[in-house]
Amino acid sequence: MSVSPDLTPIPGELPDPAGIEEPTRVPLAIEDWLTVVVMALLALITFANVLVRYFTDQSFAWTEEFSVFLMIVLALVAGSASVARNLQIRIEYFADNGPPARQRALAMFGAAMMFLLFALIAVLSARMVYDDIRFGETSPGIGVPQWWYTIWLPVMSVAIAGRALGLFIRRKRQA
């Protein structure tokens, strides 16, 4: 949807994300391209498995495990993009109504809570990765080291925490 500046969007319709993006130090294209790459991998893996199943009545054992991993990565990348663009889920009635000072305060509070949450997830999931390495855990489907999959949770949690911190700083500057 492209809305000209003199037209207002229909109630309930989301505004054009390209028109509301704030400048950030870390380019938003990182999440956009990661989304494209992960979606392409998911499509290729799934399509290859469908073809193999159709023609041989067999399936690649690794595809389900790897697809689940890629879907989790996709959700985390999308979460990072939504935080960076300030499009995460919130109660619009409280977030976008009332005096501008209250709106900024709520935006800063929300960004601070997201930062704390994902920093905590990063620390706890890093301990999980450490345990996977220490105990030699392997994945149930194909037997590769489990940390190959779990290492991405703390990495992406740090990225989301960084985006939340950036959002907090941008909101603080507006105050």
# chains A, B, ... in the order shown; residues from 1 in each chain; ligands from 1

call {"tool": "residues_around", "arguments": {"residues": "segment 97-102 of chain A", "least_positions_apart": "6", "cutoff": "12 Å", "atoms": "only C-alpha atoms", "output": "mmCIF file with N, CA and C atoms, in the first residue's frame"}}
result
data_model
loop_
_atom_site.group_PDB
_atom_site.id
_atom_site.type_symbol
_atom_site.label_atom_id
_atom_site.label_comp_id
_atom_site.auth_asym_id
_atom_site.auth_seq_id
_atom_site.Cartn_x
_atom_site.Cartn_y
_atom_site.Cartn_z
ATOM 1 N N ILE A 91 -0.045 -2.643 22.779
ATOM 2 C CA ILE A 91 -1.440 -2.236 22.904
ATOM 3 C C ILE A 91 -1.533 -0.806 22.390
ATOM 4 N N MET A 108 9.912 4.065 25.653
ATOM 5 C CA MET A 108 11.203 3.821 26.301
ATOM 6 C C MET A 108 11.107 2.650 27.276
ATOM 7 N N PHE A 109 10.003 2.577 28.024
ATOM 8 C CA PHE A 109 9.813 1.470 28.956
ATOM 9 C C PHE A 109 9.748 0.141 28.201
ATOM 10 N N ARG A 171 14.382 6.821 21.197
ATOM 11 C CA ARG A 171 13.224 7.399 21.914
ATOM 12 C C ARG A 171 13.686 8.413 22.963
ATOM 13 N N LYS A 172 14.810 8.120 23.597
ATOM 14 C CA LYS A 172 15.350 9.042 24.603
ATOM 15 C C LYS A 172 15.760 10.365 23.963
ATOM 16 N N GLN A 174 14.383 11.689 21.417
ATOM 17 C CA GLN A 174 13.172 12.420 21.054
ATOM 18 C C GLN A 174 12.605 13.182 22.250
ATOM 19 N N ALA A 175 12.930 12.727 23.452
ATOM 20 C CA ALA A 175 12.350 13.344 24.659
ATOM 21 C C ALA A 175 12.868 14.729 24.929
#

call {"tool": "residues_around", "arguments": {"residues": "segment 70-80 of chain A", "least_positions_apart": "2", "cutoff": "9 Å", "atoms": "only C-alpha atoms", "output": "list in words"}}
result
Glu31, Asp32, Leu34, Thr35, Val38, Met39, Leu41, Leu42, Glu65, Phe66, Ser67, Val68, Ser82, Val83, Ala84, Arg85, Gln88, Trp152, Leu153, Met156, Ser157, Ala159, Ile160, Ala161, Gly162, Arg163 and Ala164 of chain A

call {"tool": "atom_distance", "arguments": {"atom1": "atom CA of Met113 of chain A", "atom2": "atom CA of Val158 of chain A"}}
result
13.9 Å

call {"tool": "select_by_dssp", "arguments": {"residues": "segment 4-103 of chain A", "states": "alpha helix (DSSP H)", "output": "PyMOL selection string"}}
result
chain A and resi 17-20+29-56+62-84+92-95+100-103

call {"tool": "closest_atom_pairs", "arguments": {"of": "segment 98-123 of chain A", "to": "segment 129-137 of chain A", "cutoff": "12 Å", "atoms": "only C-alpha atoms", "output": "CSV"}}
result
residue,atom,partner,partner_atom,distance
A:Ile121,CA,A:Val129,CA,12.0
A:Ala122,CA,A:Val129,CA,10.3
A:Val123,CA,A:Val129,CA,10.0

call {"tool": "write_last_selection", "arguments": {"atoms": "all heavy atoms", "output": "mmCIF file, in the first residue's frame"}}
result
data_model
loop_
_atom_site.group_PDB
_atom_site.id
_atom_site.type_symbol
_atom_site.label_atom_id
_atom_site.label_comp_id
_atom_site.auth_asym_id
_atom_site.auth_seq_id
_atom_site.Cartn_x
_atom_site.Cartn_y
_atom_site.Cartn_z
ATOM 1 N N ILE A 121 17.725 -13.773 27.967
ATOM 2 C CA ILE A 121 17.657 -14.961 27.099
ATOM 3 C C ILE A 121 19.040 -15.272 26.542
ATOM 4 O O ILE A 121 19.435 -16.448 26.455
ATOM 5 C CB ILE A 121 16.629 -14.755 25.969
ATOM 6 C CG1 ILE A 121 15.214 -14.745 26.540
ATOM 7 C CG2 ILE A 121 16.761 -15.844 24.910
ATOM 8 C CD1 ILE A 121 14.141 -14.373 25.529
ATOM 9 N N ALA A 122 19.810 -14.248 26.177
ATOM 10 C CA ALA A 122 21.160 -14.473 25.640
ATOM 11 C C ALA A 122 22.052 -15.145 26.677
ATOM 12 O O ALA A 122 22.771 -16.105 26.366
ATOM 13 C CB ALA A 122 21.770 -13.151 25.179
ATOM 14 N N VAL A 123 22.000 -14.665 27.910
ATOM 15 C CA VAL A 123 22.843 -15.239 28.969
ATOM 16 C C VAL A 123 22.434 -16.686 29.246
ATOM 17 O O VAL A 123 23.283 -17.590 29.304
ATOM 18 C CB VAL A 123 22.758 -14.388 30.254
ATOM 19 C CG1 VAL A 123 23.390 -15.104 31.436
ATOM 20 C CG2 VAL A 123 23.409 -13.035 30.027
#

call {"tool": "closest_residue", "arguments": {"among": "A:Arg25, A:Phe55, A:Val50, A:Phe69", "to": "Gly141 of chain A", "atoms": "only C-alpha atoms"}}
result
A:Phe69

call {"tool": "closest_residue", "arguments": {"among": "A:Ile151, A:Leu44, A:Ala111, A:Leu117", "to": "Leu165 of chain A", "atoms": "only C-alpha atoms"}}
result
A:Ala111

call {"tool": "atom_distance", "arguments": {"atom1": "atom CA of Ile89 of chain A", "atom2": "atom CA of Gln103 of chain A"}}
result
15.0 Å

call {"tool": "atom_distance", "arguments": {"atom1": "atom CA of Ala126 of chain A", "atom2": "atom CA of Val155 of chain A"}}
result
8.7 Å
